[in-house]
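S.K.: Dropping in data19.pdb, with PDB, C-alpha atoms and all ligand atoms.
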ATOM      1  CA  MET A  29     -14.570  12.191   0.584
ATOM      2  CA  THR A  30     -11.541  10.593  -0.996
ATOM      3  CA  ASP A  31      -7.888  10.485  -0.180
ATOM      4  CA  PRO A  32      -6.001  11.684  -3.285
ATOM      5  CA  THR A  33      -2.812   9.960  -2.194
ATOM      6  CA  ILE A  34      -4.630   6.661  -2.483
ATOM      7  CA  VAL A  35      -7.148   6.999  -5.283
ATOM      8  CA  ASP A  36      -4.503   8.310  -7.685
ATOM      9  CA  LEU A  37      -2.860   4.916  -7.675
ATOM     10  CA  PRO A  38      -3.687   2.888 -10.762
ATOM     11  CA  ALA A  39      -5.718  -0.235 -10.207
ATOM     12  CA  THR A  40      -2.888  -2.595 -10.954
ATOM     13  CA  ASP A  41      -1.820  -4.819  -8.121
ATOM     14  CA  VAL A  42      -1.205  -2.020  -5.675
ATOM     15  CA  LEU A  43      -4.163  -1.327  -3.478
ATOM     16  CA  PRO A  44      -4.697   0.718  -0.382
ATOM     17  CA  TYR A  45      -5.076  -0.795   2.919
ATOM     18  CA  GLU A  46      -5.395  -1.009   6.566
ATOM     19  CA  ASP A  47      -3.655  -0.113   9.705
ATOM     20  CA  ILE A  48      -1.644  -1.463  12.564
ATOM     21  CA  ASP A  49      -2.240  -3.248  15.813
ATOM     22  CA  ASP A  50      -3.205  -1.447  18.976
ATOM     23  CA  GLY A  51      -0.564   0.738  20.480
ATOM     24  CA  ALA A  52       1.274   1.248  17.220
ATOM     25  CA  ASP A  53       1.352   4.181  14.861
ATOM     26  CA  HIS A  54      -1.738   3.673  12.751
ATOM     27  CA  ARG A  55      -1.177   3.884   9.025
ATOM     28  CA  THR A  56      -2.894   2.800   5.871
ATOM     29  CA  HIS A  57      -0.657   0.363   4.037
ATOM     30  CA  LEU A  58      -0.638  -0.851   0.473
ATOM     31  CA  VAL A  59      -1.055  -4.540  -0.223
ATOM     32  CA  ARG A  60       0.329  -6.209  -3.315
ATOM     33  CA  PRO A  61      -0.453  -9.798  -4.325
ATOM     34  CA  SER A  62       3.207 -10.303  -5.230
ATOM     35  CA  ASP A  63       4.198  -9.692  -1.612
ATOM     36  CA  ASN A  64       1.743 -12.337  -0.431
ATOM     37  CA  GLY A  65       2.599 -15.358  -2.499
ATOM     38  CA  ILE A  66       0.530 -14.446  -5.556
ATOM     39  CA  THR A  67       3.145 -14.695  -8.267
ATOM     40  CA  SER A  68       1.131 -15.901 -11.247
ATOM     41  CA  ALA A  69      -0.181 -13.284 -13.649
ATOM     42  CA  GLU A  70      -3.103 -15.622 -14.252
ATOM     43  CA  ASP A  71      -4.140 -15.544 -10.606
ATOM     44  CA  PRO A  72      -7.015 -13.061 -10.366
ATOM     45  CA  THR A  73      -6.488 -12.427  -6.658
ATOM     46  CA  THR A  74      -6.094  -8.704  -6.028
ATOM     47  CA  GLY A  75      -4.690  -6.845  -3.082
ATOM     48  CA  GLN A  76      -8.208  -6.079  -1.995
ATOM     49  CA  ASP A  77      -9.110  -9.767  -2.182
ATOM     50  CA  LEU A  78      -6.182 -10.561   0.075
ATOM     51  CA  VAL A  79      -7.252  -7.969   2.590
ATOM     52  CA  ASP A  80     -10.821  -9.262   2.596
ATOM     53  CA  LEU A  81      -9.672 -12.842   3.080
ATOM     54  CA  ALA A  82      -7.265 -11.829   5.818
ATOM     55  CA  ARG A  83      -9.919  -9.831   7.609
ATOM     56  CA  LEU A  84     -12.375 -12.716   7.546
ATOM     57  CA  GLY A  85      -9.870 -15.396   8.428
ATOM     58  CA  GLY A  86      -7.569 -13.500  10.755
ATOM     59  CA  ILE A  87      -4.670 -14.122   8.398
ATOM     60  CA  VAL A  88      -1.471 -12.106   8.506
ATOM     61  CA  ILE A  89      -0.700 -10.279   5.276
ATOM     62  CA  VAL A  90       2.359  -8.359   4.146
ATOM     63  CA  ALA A  91       2.306  -4.709   3.122
ATOM     64  CA  ALA A  92       4.465  -3.235   0.369
ATOM     65  CA  CYS A  93       6.744  -1.807   3.059
ATOM     66  CA  GLY A  94       7.203  -5.223   4.635
ATOM     67  CA  TYR A  95       4.892  -4.639   7.571
ATOM     68  CA  ARG A  96       2.894  -7.699   8.633
ATOM     69  CA  TRP A  97      -0.503  -7.490  10.255
ATOM     70  CA  VAL A  98      -4.069  -8.729  10.332
ATOM     71  CA  PRO A  99      -6.486  -6.205   8.810
ATOM     72  CA  LYS A 100      -9.194  -5.088  11.178
ATOM     73  CA  ARG A 101      -9.918  -1.424  10.885
ATOM     74  CA  ASP A 102     -11.216   1.054   8.365
ATOM     75  CA  PRO A 103      -8.190   2.163   6.339
ATOM     76  CA  LYS A 104      -9.733   5.493   5.466
ATOM     77  CA  ARG A 105      -9.355   6.651   9.031
ATOM     78  CA  TYR A 106      -5.575   6.750   8.978
ATOM     79  CA  PRO A 107      -2.826   8.522   7.052
ATOM     80  CA  PRO A 108      -0.962   6.544   4.384
ATOM     81  CA  CYS A 109       2.258   4.728   5.149
ATOM     82  CA  GLU A 110       5.093   6.769   3.655
ATOM     83  CA  THR A 111       7.172   3.728   2.821
ATOM     84  CA  CYS A 112       4.268   2.053   1.060
ATOM     85  CA  LEU A 113       3.700   5.187  -0.993
ATOM     86  CA  ASP A 114       7.341   5.208  -2.019
ATOM     87  CA  VAL A 115       7.098   1.585  -3.074
ATOM     88  CA  ALA A 116       3.916   2.181  -5.023
ATOM     89  CA  THR A 117       5.424   5.182  -6.764
ATOM     90  CA  ALA A 118       8.420   3.150  -7.819
ATOM     91  CA  VAL A 119       6.217   0.285  -9.029
ATOM     92  CA  ILE A 120       3.941   2.352 -11.193
ATOM     93  CA  GLY A 121       6.724   4.641 -12.367
ATOM     94  CA  GLY A 122       4.662   7.706 -11.751
ATOM     95  CA  ARG A 123       5.226  10.758  -9.704
ATOM     96  CA  ARG A 124       4.314  10.812  -6.111
ATOM     97  CA  PRO A 125       1.112  12.728  -5.355
TER      98      PRO A 125
HETATM   99 ZN    ZN B   1       3.437   0.394   4.809
END
In C-alpha cells, what does this structure look like?
Ligand SMILES: [Zn+2]

M.R.:
Amino acid sequence: MTDPTIVDLPATDVLPYEDIDDGADHRTHLVRPSDNGITSAEDPTTGQDLVDLARLGGIVIVAACGYRWVPKRDPKRYPPCETCLDVATAVIGGRRP
C-alpha cells in the first residue's frame, strides 16, 4: 500500500509529510530541511528528522509550499498537497507523477 505520488520522489531532501490542523483541508505536505533552517550540506538532518523532532516537541515546521504546522497525524491518510508536489517536481527536475 504505497502512494506513487510520494514514493516516486527521490530521497534527497524532499520528504513526504503530514497534514493540517483541525478544521482545515487535510493534506500531506513535503518537508525540506532548507525550508527549516538547515542550510549546511554537512548537516545530516533530513526532512523526516525534522518531522519527528517537531512531532515529539510540538515544534512548528514549514512545508515546501510555505504552510506552517505541527505534525500530529499519519500522513498516509491524506492526499498530497498540490503545491508541495509542484515544488518537489521543480526541485528534482523530474516530471510530475
Ligand atoms: Zn504543502

S.K.: Counting all atoms listed in the file, which residues of chain A sit at most 9 Å from some atom of ligand ZN 1 (chain B), and what is each one's closest atom pair with its distance in Å to one decimal, listed by chain and rising residue number, as JSON lines?

M.R.:
{"residue": "A:Tyr45", "atom": "CA", "partner": "B:ZN1", "partner_atom": "ZN", "distance": 8.8}
{"residue": "A:Asp47", "atom": "CA", "partner": "B:ZN1", "partner_atom": "ZN", "distance": 8.6}
{"residue": "A:Arg55", "atom": "CA", "partner": "B:ZN1", "partner_atom": "ZN", "distance": 7.2}
{"residue": "A:Thr56", "atom": "CA", "partner": "B:ZN1", "partner_atom": "ZN", "distance": 6.9}
{"residue": "A:His57", "atom": "CA", "partner": "B:ZN1", "partner_atom": "ZN", "distance": 4.2}
{"residue": "A:Leu58", "atom": "CA", "partner": "B:ZN1", "partner_atom": "ZN", "distance": 6.1}
{"residue": "A:Val59", "atom": "CA", "partner": "B:ZN1", "partner_atom": "ZN", "distance": 8.4}
{"residue": "A:Val90", "atom": "CA", "partner": "B:ZN1", "partner_atom": "ZN", "distance": 8.8}
{"residue": "A:Ala91", "atom": "CA", "partner": "B:ZN1", "partner_atom": "ZN", "distance": 5.5}
{"residue": "A:Ala92", "atom": "CA", "partner": "B:ZN1", "partner_atom": "ZN", "distance": 5.8}
{"residue": "A:Cys93", "atom": "CA", "partner": "B:ZN1", "partner_atom": "ZN", "distance": 4.3}
{"residue": "A:Gly94", "atom": "CA", "partner": "B:ZN1", "partner_atom": "ZN", "distance": 6.8}
{"residue": "A:Tyr95", "atom": "CA", "partner": "B:ZN1", "partner_atom": "ZN", "distance": 5.9}
{"residue": "A:Arg96", "atom": "CA", "partner": "B:ZN1", "partner_atom": "ZN", "distance": 9.0}
{"residue": "A:Pro108", "atom": "CA", "partner": "B:ZN1", "partner_atom": "ZN", "distance": 7.6}
{"residue": "A:Cys109", "atom": "CA", "partner": "B:ZN1", "partner_atom": "ZN", "distance": 4.5}
{"residue": "A:Glu110", "atom": "CA", "partner": "B:ZN1", "partner_atom": "ZN", "distance": 6.7}
{"residue": "A:Thr111", "atom": "CA", "partner": "B:ZN1", "partner_atom": "ZN", "distance": 5.4}
{"residue": "A:Cys112", "atom": "CA", "partner": "B:ZN1", "partner_atom": "ZN", "distance": 4.2}
{"residue": "A:Leu113", "atom": "CA", "partner": "B:ZN1", "partner_atom": "ZN", "distance": 7.5}
{"residue": "A:Val115", "atom": "CA", "partner": "B:ZN1", "partner_atom": "ZN", "distance": 8.8}

S.K.: Selected residues, C-alpha atoms, written as a PDB file, keeping the file's coordinate frame, please.

M.R.:
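Below you can see selection-v1.pdb, which holds the result:
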ATOM      1  CA  TYR A  45      -5.076  -0.795   2.919  1.00  0.00           C
ATOM      2  CA  ASP A  47      -3.655  -0.113   9.705  1.00  0.00           C
ATOM      3  CA  ARG A  55      -1.177   3.884   9.025  1.00  0.00           C
ATOM      4  CA  THR A  56      -2.894   2.800   5.871  1.00  0.00           C
ATOM      5  CA  HIS A  57      -0.657   0.363   4.037  1.00  0.00           C
ATOM      6  CA  LEU A  58      -0.638  -0.851   0.473  1.00  0.00           C
ATOM      7  CA  VAL A  59      -1.055  -4.540  -0.223  1.00  0.00           C
ATOM      8  CA  VAL A  90       2.359  -8.359   4.146  1.00  0.00           C
ATOM      9  CA  ALA A  91       2.306  -4.709   3.122  1.00  0.00           C
ATOM     10  CA  ALA A  92       4.465  -3.235   0.369  1.00  0.00           C
ATOM     11  CA  CYS A  93       6.744  -1.807   3.059  1.00  0.00           C
ATOM     12  CA  GLY A  94       7.203  -5.223   4.635  1.00  0.00           C
ATOM     13  CA  TYR A  95       4.892  -4.639   7.571  1.00  0.00           C
ATOM     14  CA  ARG A  96       2.894  -7.699   8.633  1.00  0.00           C
ATOM     15  CA  PRO A 108      -0.962   6.544   4.384  1.00  0.00           C
ATOM     16  CA  CYS A 109       2.258   4.728   5.149  1.00  0.00           C
ATOM     17  CA  GLU A 110       5.093   6.769   3.655  1.00  0.00           C
ATOM     18  CA  THR A 111       7.172   3.728   2.821  1.00  0.00           C
ATOM     19  CA  CYS A 112       4.268   2.053   1.060  1.00  0.00           C
ATOM     20  CA  LEU A 113       3.700   5.187  -0.993  1.00  0.00           C
ATOM     21  CA  VAL A 115       7.098   1.585  -3.074  1.00  0.00           C
TER      22      VAL A 115
END

S.K.: Identify all residues satisfying the PyMOL selection byres (((chain A and resi 64) around 9) and not hetatm) in the given file; provide them as a list in words.

M.R.: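 Written out, the selection comes to Val59, Arg60, Pro61, Ser62, Asp63, Gly65, Ile66, Thr67, Gly75, Leu78, Ile89, Val90 and Ala91 of chain A.
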
S.K.: Kindly give the distance, in Å, that separates atom CA of A:Asp80 and atom CA of A:Trp97, rounded to a single decimal.

M.R.: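 Atom-to-atom, atom CA of A:Asp80 to atom CA of A:Trp97, that is 13.0 Å.
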
S.K.: Around the point (-9.6, -7.6, 9.6) in the file's coordinates, collect all residues with an atom within 9 Å, using only C-alpha atoms, and return them as a PDB file with C-alpha atoms, in the coordinates of the input.

M.R.:
ATOM      1  CA  GLU A  46      -5.395  -1.009   6.566  1.00  0.00           C
ATOM      2  CA  VAL A  79      -7.252  -7.969   2.590  1.00  0.00           C
ATOM      3  CA  ASP A  80     -10.821  -9.262   2.596  1.00  0.00           C
ATOM      4  CA  LEU A  81      -9.672 -12.842   3.080  1.00  0.00           C
ATOM      5  CA  ALA A  82      -7.265 -11.829   5.818  1.00  0.00           C
ATOM      6  CA  ARG A  83      -9.919  -9.831   7.609  1.00  0.00           C
ATOM      7  CA  LEU A  84     -12.375 -12.716   7.546  1.00  0.00           C
ATOM      8  CA  GLY A  85      -9.870 -15.396   8.428  1.00  0.00           C
ATOM      9  CA  GLY A  86      -7.569 -13.500  10.755  1.00  0.00           C
ATOM     10  CA  ILE A  87      -4.670 -14.122   8.398  1.00  0.00           C
ATOM     11  CA  VAL A  98      -4.069  -8.729  10.332  1.00  0.00           C
ATOM     12  CA  PRO A  99      -6.486  -6.205   8.810  1.00  0.00           C
ATOM     13  CA  LYS A 100      -9.194  -5.088  11.178  1.00  0.00           C
ATOM     14  CA  ARG A 101      -9.918  -1.424  10.885  1.00  0.00           C
ATOM     15  CA  ASP A 102     -11.216   1.054   8.365  1.00  0.00           C
TER      16      ASP A 102
END
